[in-house]
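S.K.: One structure, pasted below without further comment.
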Amino acid sequence: MTHTTTIDPFTLEIVKDSLLATGDEMFDALARTSMSPIIYEVLDYASGLTDAEGNLLTQGNGVTGFIGMLTFMVKETLAKYPGDKLKEGDIIIINDPYQGGGSHLSDVGLVMPIFVDGELIAFSANKAHWTEVGGKDPGSFTNDSVDIFQEGLQFSCLKLYDEGKVNDVLVEMIRSNVRFPELSLGDMWAQVAALKTGGRRLNELCKKHSTKTILAAIEYLLDHGEALSRKELKKLPKGVFYAEDFIDTDGIGNGPFPIKVKVTITDDEFICDFRGSSPQVPGPMNCSKTGLISAVRVIFLAITNPEQDVNDGVFRPLKILTDPKSIMSAERPVPVSNYFETLLGSLDLVWKAMAPHVPERLNAGHFLSVCAVTLSGTHHDTDESFLIVEPSVGGWGASNRKDGASGQFCMSDGETYNVPVEVAETRYGVMLDEYSLREDGNGTGAGEFVGGKGVTRSYRAMTDGQAVTVTYGRNKFMPWGISGGHDGSPNEFFVDKTDGTTDGPYGVYARYPLNKGDVVRLVTGTGGGYGNPLKREAQQVVRDVKNGYFTVEEARTVFGVEVDMDTFEYRELESRTH
Amino acid sequence: MRVATDIGGTFTDLVYVDQYGEIGVAKSSTTPPNFEKGVLDVIKKSGIDQSQLSMFIHGTTVIINALTERKGAKTALITTKGFRDVLEIARGNRPDLFNVNYEKPTPFVERYLRQEVNERLSYKGEVLTPLEIEDVKACVEFFKKEQVEAIAVSYLHAYANPAHEKQTAELIQQLWPEVKVTISSDIVQEWREYERTNTTVLNAYVQPVAQSYINRLETELKAQSNVEQLYIMQSNGGTTTFDSAKETPISMVESGPVAGIFGAAVLGEMIGEKNIIAFDIGGTTAKCSLIENGEVKVSTDYYIEKDSRHAGYPIKTPVVDIVEIGNGGGSIAWIDPAGSLKVGPQSAGAFPGPIAYGQGGTEPTTTDANLLTGRLSSKNFDYEVDLEAVKSAIQSKIGSRFDMTAEEAALGIIRIANSNMLNALKLISIRKGHNPKDFTLLAFGGGGSMHAPALALELGVKKVVVPIASPVFSAWGMLLTDLRHDYIKTYIKRMNELTLDEINEAWTTIETQALHHFEEEGMTAEQVEYHRFADMRYLGQEHTVKVPVENEAWTEASKQKAIEDFHNLHEKNYTFKLEDAQTEIVNLHLTAFGKVEKPEIKKQIKAGTLESAFKEKREVYFENEGWLTTNVYDREKLPTNEVVQGPAIIEEKAAVTVIYKQQLLHADEYGNLIIVKEEN
């Protein structure tokens with residue numbers, strides 16, 4: 001690490017901390033002011049600061065999946081508005097999936113240049129999942145669109161504010177083209193307020209420490225991130241690693257689609273080559289290149305150093321290769337609404353390729369799907385329309401030293417919160433029959449360390465004419481076990497009707513109709529196990545049975561332990577000694 | 001005579017005030033696991049006449065210890081059919097975003113002890129399925145067999161209708177009188193089943209421990225004195241009786257620390273400062289809390305074991321809003337893998353402690369840095385200080401990494417520690433929409449006075465106050481507390497639909513409940529004072545703003561004022577308001593005080609000159625200034641209202657105040673140190 005600056009290292013450190021604190025502050029400001037549960041409960045947004053060239057300095061994340069996006073939004077802005085075309089007081093709006101920083105239309109980005117004494121020194125940027133951006137379905141993101149035009153409004157890097165003056169025409173366009181304008185615009189103003197907070201803080205910092213010091217601290221921050229990252233890279237096994245898997249479906253009846261990766265690790269590079277994966281597909285499971293970059297960054301952090309502060313310096317050793325127009329590098333105008341399923345699939349490929357080689361950092365496969373649920377209808381008491389948009393929790397894989405976590409959101413989510421039953425029943429026209437851990441009874445996720453459990457969440461419709469759209473990936477290919485650990489179970493859903501019949505299981509389904517009394521039973525997968533189940537400590541198997549995580553039958557046949565259900569005395573079977 | 005005792009990690013503090021307003025203090029070692037022994041020791045050590053003891057107020061770490069050390073009772077849970085895993089699924093969040101090996105908090109009740117019964121309420125509290133008595137009986141049988149010691153009961157929507165929970169508790173008591181039962185509606189009346197259930201479970205978990213501790217303490221105290229009034233400090237900044245504390249011990253989880261915050265508010269009132277940032281630096285952490293217009297902020301957003309990497313466990317009882325960071329006197333300075341200097345959160349603790357203690361500590365700490373820069377004097381340590389050892393450790397572990405002297409490195413440690421603390425102070429002030437210029441920084445605890453003047457310059461507060469008894473200020477605060485109970489009830493109503501009759505009825509119901517509670521504690525209606533708040537939000541929004549509302553019967557005007565105040569508070573907190581949006585109430589919050597007669601704190605005018613308080617001249621290393629010859633004074637002898645020009649150091653037993661070149665300090669009539677920035 002080299003510094004050509006004369007500013008003392010402690011001042012740099014203090015300024016660096018102030019920049020990180022500013023990132024946190026911008027992040028909190030958005031959550032507190034948002035009017036949409038998808039933002040304040042699910043924290044489906046990110047915010048941060050970049051330098052004047054768009055290099056990420058700090059990013060507050062509620063979910064991991066946005067980690068590659070802010071940078072490229074800013075770079076797109078710089079490309080479209082070069083030189084003095086970008087003015088103080090401008091705010092740019094961007095959600096175009098095929099441009100830099102784009103994921104799907106629901107994720108709307110805002111970018112604000114920060115000027116100090118007339119000089120562009122940084123950007124504040126954020127990206128948030130709007131509950132509504134128009135398009136063919138309520139909630140906008142959909143699992144059976146056939147082109148981008150069905151998915152909602154497209155903002156291709158437009159000026160929402162021009163030198164501090166809001167573009168009223170654009171605001172009115174949004175108001176008249178989305179289903180819940182007060183939510184979408186409320187979120188937009190919240191995003192604007194958060195950006196301005198970042199701008200204000202950076203100006204204060206420059207005033208206090210001088211702009212020169214701030215710019216030096218920015219350089220220091222990026223170098224610091226890179227140094228930490230390279231240090232970790234040196235510890236990784238060198239070589240070439242492969243993995244292959246499938247994306248279940250494109251949502252409109254096609255698939256499964258093969259995907260593959262070749263990971264090459266050298267002393268100073270980490271190269272992920274996805275060439276040879278499926279071309280882009282007719283349905284909305286296509287992932288933008290930006291989405292893929294996020295995927296790789298997430299798992300790169302998990303492999304190298306999950307604890308570090310994140311900035312673009314950290315990612316300097318990364319390289320990503322794809323074919324053009326592949327399922328993970330989609331081009332206009334293919335649909336991308338459910339891009340996150342392919343983002344996760346790509347992330348999981350690198351995970352799967354590396355898991356056997358970095359067991360201290362990577363565990364067995366998890367339920368690998370956002371497991372998105374959209375449920376719409378009217379409330380039984382207020383008669384008002386409601387819309388649930390939520391991800392689901394599921395099971396995580398075991399590691400070489402402990403069991404997997406049960407009932408957690410998937411890797412592309414993060415500081416995401418489920419909606420409490422009591423809140424859901426108050427606000428929406430549903431009741432919940434059950435929110436519990438999954439009990440498969442067939443040894444899924446078994447191992448010396450067992451996979452975490454998926455969950456069952458059952459919504460009972462309280463009015464006629466409701467519709468549920470479910471997008472559960474990993475329905476056809478199971479979460480993978482390691483070293484003799486069993487695979488996990490699929491994500492799936494069933495509909496229990498008032499006439500006593502049950503329909504299902506399904507993975508991806510658009511607008512399944514529900515009438516009063518019908519129950520949609522959403523069941524997520526259990527994670528993969530680690531190691532031979534016969535090696536699991538016998539007393540632990542007894543505890544598992546007592547706790548209902550495994551049955552007596554599973555204890556006997558899978559774990560080789562005979563358990564007495566009344567006394568909980570046990571006997572180790574011969575299968576364990578072989 | 002009133003006596004307050006506060007159990008800390010290392011010491012048990014005592015402060016008393018007698019009928020003449022004279023204050024005395026004592027300190028003695030904390031004595032785990034029999035904490036009551038330390039309390040009796042410190043009473044003995046203080047030399048007070050126990051026959052004069054009329055009121056005893058106590059802050060204790062027994063509850064938080066039982067939780068963090070997992071030394072509570074074997075606890076079971078009874079809950080609504082279909083929902084026994086709520087406690088294990090929790091909220092599904094993963095704060096440690098990029099860590100695929102994230103470890104989720106383990107529930108305090110294992111799965112086989114979480115049992116379900118048939119019963120169901122709607123969100124409005126209507127009974128959809130009546131409670132199945134046989135199911136409860138079966139649970140009790142099973143729990144007996146499993147030798148459970150405490151039972152928690154938490155049903156869906158019990159905040160809207162507690163009938164099923166009450167019925168269940170009565171039945172359990174009939175079937176099994178020996179077991180302790182906690183029902184959720186007695187502890188939390190807010191929605192969100194995971195948070196409420198977890199709080200209920202934790203209360204059940206600590207109840208047997210709390211009960212036995214309080215009983216032992218009471219027996220011992222009464223054996224030696226005629227004390228009648230026995231109070232325990234709660235997390236909400238008020239006290240409660242020993243008897244109440246045994247029922248809801250979870251409301252004492254922050255028993256000790258909040259007393260200092262509350263004391264700051266009381267002291268502020270004494271000296272005419274209503275807006276205060278209370279700042280407490282101990283050995284391991286620094287804590288701060290903002291007091292606006294005399295009001296200590298209380299919320300139910302409290303967690304244990306939560307940080308940026310762990311989800312922790314929510315406890316939804318009212319706790320004073322405190323931000324705590326891992327930076328105290330014992331915090332260790334270290335270099336991260338990429339070569340940056342960091343301070344904390346790792347602490348050298350009381351043992352081995354900083355290198356300066358000479359007890360085997362090898363890692364440089366904030367205390368060592370303060371010593372090397374002359375802020376602390378080796379003469380004032382209880383230990384023989386090897387200054388060369390301190391210097392060489394700071395030189396080799398920090399200085400040499402940056403090509404600088406040990407002193408420069410030490411100053412770097414102080415600056416990084418200050419930066420960490422400054423971020424915490426900003427978090428509760430600027431970032432919540434407050435202007436520091438309107439606030440007084442009140443600093444206490446072992447390290448508060450040492451760092452506060454430097455932080456004040458950075459933060460831009462109007463003045464700094466180092467209060468009397470600052471090293472034992474939490475116990476001092478307890479002397480002046482009232483009984484306090486907070487009642488927070490989820491009450492979802494849109495303001496445009498809310499009728500005056502229903503809101504007035506709701507308030508009356510809560511106030512009747514409060515009064516009843518106080519009467520049980522031996523108070524009369526005249527002694528009880530109510531403050532009403534409504535947690536309000538824009539329709540569709542999640543986060544609420546706490547709005548102080550009309551304390552008398554509501555009229556249309558009081559309703560409109562609540563809405564207007566909400567808009568303004570929302571704008572203050574979140575930078576915008578939505579005048580056209582609908583507003584709604586989520587919770588009603590009643591704070592009820594049982595006013596206790598308080599001793600008058602005596603003014604203590606000290607005559608004399610600065611010369612008589614002068615101790616020595618010392619070289620002290622300051623940011624931007626280098627070494628400055630600095631006057632050192634003895635706080636005990638500092639004459640009232642005589643101005644000390646910075647830079648200067650004021651020493652007292654167990655604390656030091658460091659003021660900077662631009663600052664002026666004087667002792668006020670109570671003996672508080674007041675520090676202001678010199679006008680240019």
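Ordering of the structure tokens sets the chain letters (A, B, ...); residue numbers start at 1 within each chain; ligands are numbered from 1 in the order shown.
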So which residues touch Gly164 (chain A) within 10 Å, counting only C-alpha atoms, skipping near sequence neighbours fewer than 6 positions away, as a short mmCIF file (atom, residue, chain, number, x, y, z; two decimals) with N, CA and C atoms, in the first residue's frame?

M.R.:
data_model
loop_
_atom_site.label_atom_id
_atom_site.label_comp_id
_atom_site.auth_asym_id
_atom_site.auth_seq_id
_atom_site.Cartn_x
_atom_site.Cartn_y
_atom_site.Cartn_z
N LYS A 87 -25.07 18.68 -13.24
CA LYS A 87 -24.99 19.94 -12.50
C LYS A 87 -25.34 19.70 -11.02
N GLU A 88 -24.91 20.62 -10.21
CA GLU A 88 -25.27 20.57 -8.80
C GLU A 88 -26.80 20.65 -8.69
N GLY A 89 -27.36 19.78 -7.86
CA GLY A 89 -28.82 19.78 -7.71
C GLY A 89 -29.52 18.77 -8.61
N ASP A 90 -28.77 18.14 -9.52
CA ASP A 90 -29.36 17.10 -10.37
C ASP A 90 -29.57 15.82 -9.55
N ILE A 91 -30.66 15.12 -9.86
CA ILE A 91 -30.81 13.75 -9.35
C ILE A 91 -31.30 12.90 -10.52
#

S.K.: Tell me, counting only C-alpha atoms, for each residue of chain B within 7 Å of chain A, which pair of atoms is nearest and how far apart they are in Å to one decimal, in rows ordered by chain and increasing number, as a Markdown table.

M.R.:
| residue | atom | partner | partner_atom | distance |
| --- | --- | --- | --- | --- |
| B:Gly82 | CA | A:Glu434 | CA | 4.3 |
| B:Phe83 | CA | A:Tyr435 | CA | 5.5 |
| B:Arg84 | CA | A:Ser436 | CA | 6.9 |
| B:Asp85 | CA | A:Ser436 | CA | 5.1 |
| B:Val86 | CA | A:Tyr435 | CA | 6.9 |
| B:Ile89 | CA | A:Gly407 | CA | 5.0 |
| B:Arg91 | CA | A:Tyr417 | CA | 5.1 |
| B:Gly92 | CA | A:Gln408 | CA | 4.2 |
| B:Asn93 | CA | A:Glu415 | CA | 4.8 |
| B:Arg94 | CA | A:Gly414 | CA | 4.9 |
| B:Pro95 | CA | A:Glu415 | CA | 4.9 |
| B:Leu97 | CA | A:Gly414 | CA | 5.2 |
| B:Phe98 | CA | A:Pro306 | CA | 4.9 |
| B:Asn99 | CA | A:Pro306 | CA | 5.2 |
| B:Val100 | CA | A:Ala302 | CA | 6.4 |
| B:Asn101 | CA | A:Asn363 | CA | 6.7 |
| B:Glu103 | CA | A:Ala405 | CA | 6.8 |
| B:Lys104 | CA | A:Ala405 | CA | 6.4 |
| B:Arg111 | CA | A:Asn547 | CA | 5.2 |
| B:Tyr112 | CA | A:Asn547 | CA | 4.6 |
| B:Tyr123 | CA | A:Thr426 | CA | 5.6 |
| B:Leu156 | CA | A:Glu422 | CA | 6.9 |
| B:His157 | CA | A:Glu422 | CA | 6.4 |
| B:Trp191 | CA | A:Glu422 | CA | 6.3 |
| B:Arg192 | CA | A:Pro420 | CA | 5.5 |
| B:Glu193 | CA | A:Pro420 | CA | 6.5 |
| B:Pro337 | CA | A:Leu228 | CA | 6.5 |
| B:Ala338 | CA | A:Leu228 | CA | 5.4 |
| B:Ser340 | CA | A:Glu13 | CA | 7.0 |
| B:Gly412 | CA | A:Phe10 | CA | 6.0 |
| B:Ile416 | CA | A:Ile14 | CA | 6.6 |
| B:Ser419 | CA | A:Ile14 | CA | 6.2 |
| B:Gly540 | CA | A:Met35 | CA | 5.7 |
| B:Gln541 | CA | A:Met35 | CA | 4.3 |
| B:Glu542 | CA | A:Tyr40 | CA | 6.8 |
| B:His543 | CA | A:Arg32 | CA | 6.0 |
| B:Tyr574 | CA | A:Thr33 | CA | 6.2 |

S.K.: Work out how far apart CA of Met73 (chain A) and CA of Gly100 (chain A) are and give it in Å to one decimal.

M.R.: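 Separation of CA of Met73 (chain A) and CA of Gly100 (chain A): 5.3 Å.
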
S.K.: Which residues are close to region 270-277 of chain A, i.e. within 7 Å by only C-alpha atoms, leaving aside same-chain residues fewer than 3 positions away? Reply as a count of residues only.

M.R.: 17

S.K.: What's the separation between CA of Val296 (chain A) and CA of Leu347 (chain A), in Å to one decimal place?

M.R.: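 Atom-to-atom, CA of Val296 (chain A) to CA of Leu347 (chain A), that is 5.8 Å.
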
S.K.: Quick one: DSSP helix (DSSP H, G or I) residues in region 26-233 of chain A, as a PyMOL selection string?

M.R.: chain A and resi 26-33+37-40+69-80+83-85+148-150+168-177+181-209+211-233

S.K.: Those residues you just picked out, can you put them in a file as a PDB file, in the first residue's frame with C-alpha atoms?

M.R.:
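This is the output file selection22.pdb:
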ATOM      1  CA  MET A  26     -28.262   7.321   4.527  1.00  0.00           C
ATOM      2  CA  PHE A  27     -29.331   3.710   4.846  1.00  0.00           C
ATOM      3  CA  ASP A  28     -31.298   4.296   8.066  1.00  0.00           C
ATOM      4  CA  ALA A  29     -32.884   7.453   6.715  1.00  0.00           C
ATOM      5  CA  LEU A  30     -34.429   5.539   3.813  1.00  0.00           C
ATOM      6  CA  ALA A  31     -35.852   2.736   5.956  1.00  0.00           C
ATOM      7  CA  ARG A  32     -37.430   5.141   8.382  1.00  0.00           C
ATOM      8  CA  THR A  33     -39.093   7.268   5.764  1.00  0.00           C
ATOM      9  CA  PRO A  37     -43.192  -2.835   3.743  1.00  0.00           C
ATOM     10  CA  ILE A  38     -40.876  -4.247   1.054  1.00  0.00           C
ATOM     11  CA  ILE A  39     -38.414  -1.509   2.025  1.00  0.00           C
ATOM     12  CA  TYR A  40     -38.903  -1.022   5.754  1.00  0.00           C
ATOM     13  CA  MET A  69     -25.256  -2.138  -8.634  1.00  0.00           C
ATOM     14  CA  LEU A  70     -24.639   1.366  -7.287  1.00  0.00           C
ATOM     15  CA  THR A  71     -21.256   1.673  -8.929  1.00  0.00           C
ATOM     16  CA  PHE A  72     -22.613   0.910 -12.371  1.00  0.00           C
ATOM     17  CA  MET A  73     -25.580   3.245 -11.981  1.00  0.00           C
ATOM     18  CA  VAL A  74     -23.134   6.056 -11.330  1.00  0.00           C
ATOM     19  CA  LYS A  75     -20.903   5.029 -14.234  1.00  0.00           C
ATOM     20  CA  GLU A  76     -23.935   5.003 -16.529  1.00  0.00           C
ATOM     21  CA  THR A  77     -24.819   8.490 -15.283  1.00  0.00           C
ATOM     22  CA  LEU A  78     -21.296   9.720 -15.991  1.00  0.00           C
ATOM     23  CA  ALA A  79     -21.433   8.223 -19.481  1.00  0.00           C
ATOM     24  CA  LYS A  80     -24.762   9.809 -20.329  1.00  0.00           C
ATOM     25  CA  GLY A  83     -18.487  16.965 -18.289  1.00  0.00           C
ATOM     26  CA  ASP A  84     -20.669  19.907 -17.314  1.00  0.00           C
ATOM     27  CA  LYS A  85     -23.892  18.164 -18.380  1.00  0.00           C
ATOM     28  CA  ILE A 148     -39.648  -6.066 -20.786  1.00  0.00           C
ATOM     29  CA  PHE A 149     -42.637  -3.961 -21.833  1.00  0.00           C
ATOM     30  CA  GLN A 150     -44.960  -6.086 -19.701  1.00  0.00           C
ATOM     31  CA  ASP A 168     -43.033  17.487 -12.602  1.00  0.00           C
ATOM     32  CA  VAL A 169     -43.868  15.819 -15.915  1.00  0.00           C
ATOM     33  CA  LEU A 170     -41.904  12.735 -14.923  1.00  0.00           C
ATOM     34  CA  VAL A 171     -43.540  12.647 -11.492  1.00  0.00           C
ATOM     35  CA  GLU A 172     -47.007  12.844 -13.047  1.00  0.00           C
ATOM     36  CA  MET A 173     -46.075  10.092 -15.521  1.00  0.00           C
ATOM     37  CA  ILE A 174     -45.175   7.848 -12.611  1.00  0.00           C
ATOM     38  CA  ARG A 175     -48.308   8.795 -10.684  1.00  0.00           C
ATOM     39  CA  SER A 176     -50.591   7.805 -13.535  1.00  0.00           C
ATOM     40  CA  ASN A 177     -48.780   4.599 -14.520  1.00  0.00           C
ATOM     41  CA  PRO A 181     -48.756   5.881  -6.572  1.00  0.00           C
ATOM     42  CA  GLU A 182     -48.649   7.051  -2.970  1.00  0.00           C
ATOM     43  CA  LEU A 183     -46.337   4.131  -2.109  1.00  0.00           C
ATOM     44  CA  SER A 184     -44.071   4.462  -5.123  1.00  0.00           C
ATOM     45  CA  LEU A 185     -43.762   8.213  -4.924  1.00  0.00           C
ATOM     46  CA  GLY A 186     -43.444   8.055  -1.129  1.00  0.00           C
ATOM     47  CA  ASP A 187     -40.473   5.762  -1.580  1.00  0.00           C
ATOM     48  CA  MET A 188     -39.039   8.016  -4.234  1.00  0.00           C
ATOM     49  CA  TRP A 189     -39.136  11.045  -1.925  1.00  0.00           C
ATOM     50  CA  ALA A 190     -37.602   8.922   0.836  1.00  0.00           C
ATOM     51  CA  GLN A 191     -34.785   8.017  -1.551  1.00  0.00           C
ATOM     52  CA  VAL A 192     -34.284  11.667  -2.441  1.00  0.00           C
ATOM     53  CA  ALA A 193     -34.125  12.657   1.239  1.00  0.00           C
ATOM     54  CA  ALA A 194     -31.539   9.946   1.939  1.00  0.00           C
ATOM     55  CA  LEU A 195     -29.362  11.116  -0.979  1.00  0.00           C
ATOM     56  CA  LYS A 196     -29.483  14.686   0.244  1.00  0.00           C
ATOM     57  CA  THR A 197     -28.393  13.558   3.698  1.00  0.00           C
ATOM     58  CA  GLY A 198     -25.325  12.002   2.120  1.00  0.00           C
ATOM     59  CA  GLY A 199     -24.590  15.180   0.190  1.00  0.00           C
ATOM     60  CA  ARG A 200     -24.950  17.334   3.279  1.00  0.00           C
ATOM     61  CA  ARG A 201     -22.641  15.157   5.365  1.00  0.00           C
ATOM     62  CA  LEU A 202     -19.953  15.052   2.711  1.00  0.00           C
ATOM     63  CA  ASN A 203     -20.035  18.841   2.433  1.00  0.00           C
ATOM     64  CA  GLU A 204     -19.667  19.124   6.207  1.00  0.00           C
ATOM     65  CA  LEU A 205     -16.714  16.741   6.154  1.00  0.00           C
ATOM     66  CA  CYS A 206     -15.007  18.748   3.398  1.00  0.00           C
ATOM     67  CA  LYS A 207     -15.560  21.940   5.318  1.00  0.00           C
ATOM     68  CA  LYS A 208     -14.081  20.456   8.465  1.00  0.00           C
ATOM     69  CA  HIS A 209     -11.102  18.568   7.068  1.00  0.00           C
ATOM     70  CA  THR A 211     -11.599  18.711   0.353  1.00  0.00           C
ATOM     71  CA  LYS A 212      -8.045  17.592  -0.249  1.00  0.00           C
ATOM     72  CA  THR A 213      -8.104  15.495   2.926  1.00  0.00           C
ATOM     73  CA  ILE A 214     -11.426  13.927   1.953  1.00  0.00           C
ATOM     74  CA  LEU A 215     -10.119  12.978  -1.477  1.00  0.00           C
ATOM     75  CA  ALA A 216      -7.022  11.471   0.114  1.00  0.00           C
ATOM     76  CA  ALA A 217      -9.211   9.518   2.544  1.00  0.00           C
ATOM     77  CA  ILE A 218     -11.270   8.213  -0.373  1.00  0.00           C
ATOM     78  CA  GLU A 219      -8.146   6.917  -2.083  1.00  0.00           C
ATOM     79  CA  TYR A 220      -6.975   5.450   1.203  1.00  0.00           C
ATOM     80  CA  LEU A 221     -10.303   3.706   1.726  1.00  0.00           C
ATOM     81  CA  LEU A 222     -10.196   2.015  -1.677  1.00  0.00           C
ATOM     82  CA  ASP A 223      -6.570   0.943  -1.246  1.00  0.00           C
ATOM     83  CA  HIS A 224      -7.322  -0.365   2.238  1.00  0.00           C
ATOM     84  CA  GLY A 225     -10.144  -2.517   0.871  1.00  0.00           C
ATOM     85  CA  GLU A 226      -7.971  -3.872  -1.901  1.00  0.00           C
ATOM     86  CA  ALA A 227      -5.130  -4.685   0.487  1.00  0.00           C
ATOM     87  CA  LEU A 228      -7.442  -6.665   2.767  1.00  0.00           C
ATOM     88  CA  SER A 229      -8.938  -8.486  -0.168  1.00  0.00           C
ATOM     89  CA  ARG A 230      -5.594  -9.446  -1.748  1.00  0.00           C
ATOM     90  CA  LYS A 231      -4.361 -10.697   1.586  1.00  0.00           C
ATOM     91  CA  GLU A 232      -7.318 -13.080   1.789  1.00  0.00           C
ATOM     92  CA  LEU A 233      -6.921 -14.113  -1.842  1.00  0.00           C
TER      93      LEU A 233
END

S.K.: Go through A:Ile327, A:Val310, A:Ala538, A:Val373 one by one, measure the shortest atom-to-atom distance of each to Glu390 (chain A) using only C-alpha atoms, and give the residue with the smallest value.

M.R.: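 Selected residue with least distance to Glu390 (chain A): A:Val373.
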
S.K.: Find the residues near Val465 (chain B): any atom within 12 Å, counting only C-alpha atoms, skip ones fewer than 6 places away on the same chain, and give them as an MDAnalysis selection string.

M.R.: chainID B and resid 264 267:268 271:273 276:279 439:444 448:450 452:453 456 657 659 664:668 670:676

S.K.: Neighbouring residues of Arg576 (chain A) were defined as those with any atom within 7 Å, considering only C-alpha atoms; residues of the same chain fewer than 3 positions away were excluded. Please report them as a list in words.

M.R.: Leu534, Gly560, Glu572 and Leu573 of chain A

S.K.: Neighbours of Asn143 (chain A) within 7 Å (only C-alpha atoms; same-chain residues fewer than 3 positions away dropped), as a ChimeraX atom specification?

M.R.: /A:251,284,337-338,471,510

S.K.: As an exercise, work out the distance from CA of Glu652 (chain B) to CA of Lys602 (chain B) in Å and give it to one decimal place.

M.R.: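 The value is 19.9 Å.
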
S.K.: With a distance cut-off of 12 Å and only C-alpha atoms, select the neighbouring residues of Val495 (chain A), excluding the residue or stretch itself and same-chain residues fewer than 3 positions from it, and output the selection as a PDB file with C-alpha atoms, in the first residue's frame.

M.R.:
ATOM      1  CA  ARG A 457     -46.421 -20.815   6.086  1.00  0.00           C
ATOM      2  CA  SER A 458     -50.129 -21.187   5.302  1.00  0.00           C
ATOM      3  CA  TYR A 459     -52.348 -18.315   4.222  1.00  0.00           C
ATOM      4  CA  ARG A 460     -56.116 -18.774   4.410  1.00  0.00           C
ATOM      5  CA  ALA A 461     -57.989 -16.404   2.095  1.00  0.00           C
ATOM      6  CA  ALA A 467     -54.745 -14.438  -6.436  1.00  0.00           C
ATOM      7  CA  VAL A 468     -51.366 -15.721  -5.405  1.00  0.00           C
ATOM      8  CA  VAL A 470     -45.491 -17.929  -6.306  1.00  0.00           C
ATOM      9  CA  GLU A 492     -42.946 -26.100  -3.183  1.00  0.00           C
ATOM     10  CA  THR A 498     -62.616 -25.816   0.841  1.00  0.00           C
ATOM     11  CA  ASP A 499     -63.934 -28.887  -0.974  1.00  0.00           C
ATOM     12  CA  GLY A 500     -61.241 -30.981   0.703  1.00  0.00           C
ATOM     13  CA  THR A 501     -59.004 -31.399  -2.344  1.00  0.00           C
ATOM     14  CA  THR A 502     -55.371 -30.413  -2.513  1.00  0.00           C
ATOM     15  CA  ASP A 503     -53.639 -29.121  -5.612  1.00  0.00           C
ATOM     16  CA  GLY A 504     -49.863 -29.176  -6.040  1.00  0.00           C
ATOM     17  CA  PRO A 505     -47.003 -29.300  -5.474  1.00  0.00           C
ATOM     18  CA  TYR A 506     -45.883 -26.418  -7.684  1.00  0.00           C
ATOM     19  CA  TYR A 509     -47.089 -20.379 -10.690  1.00  0.00           C
ATOM     20  CA  TYR A 512     -53.347 -18.998  -8.728  1.00  0.00           C
ATOM     21  CA  PRO A 513     -56.934 -18.036  -7.843  1.00  0.00           C
ATOM     22  CA  LEU A 514     -58.048 -18.376  -4.203  1.00  0.00           C
ATOM     23  CA  ASN A 515     -61.546 -18.090  -2.843  1.00  0.00           C
ATOM     24  CA  GLY A 517     -61.445 -20.477   2.874  1.00  0.00           C
ATOM     25  CA  ASP A 518     -58.821 -21.744   0.418  1.00  0.00           C
ATOM     26  CA  VAL A 519     -55.399 -22.202   1.976  1.00  0.00           C
ATOM     27  CA  VAL A 520     -52.142 -21.725   0.133  1.00  0.00           C
ATOM     28  CA  ARG A 521     -49.541 -23.811   1.943  1.00  0.00           C
ATOM     29  CA  LEU A 522     -46.069 -22.452   1.186  1.00  0.00           C
ATOM     30  CA  VAL A 523     -43.314 -24.909   2.027  1.00  0.00           C
TER      31      VAL A 523
END
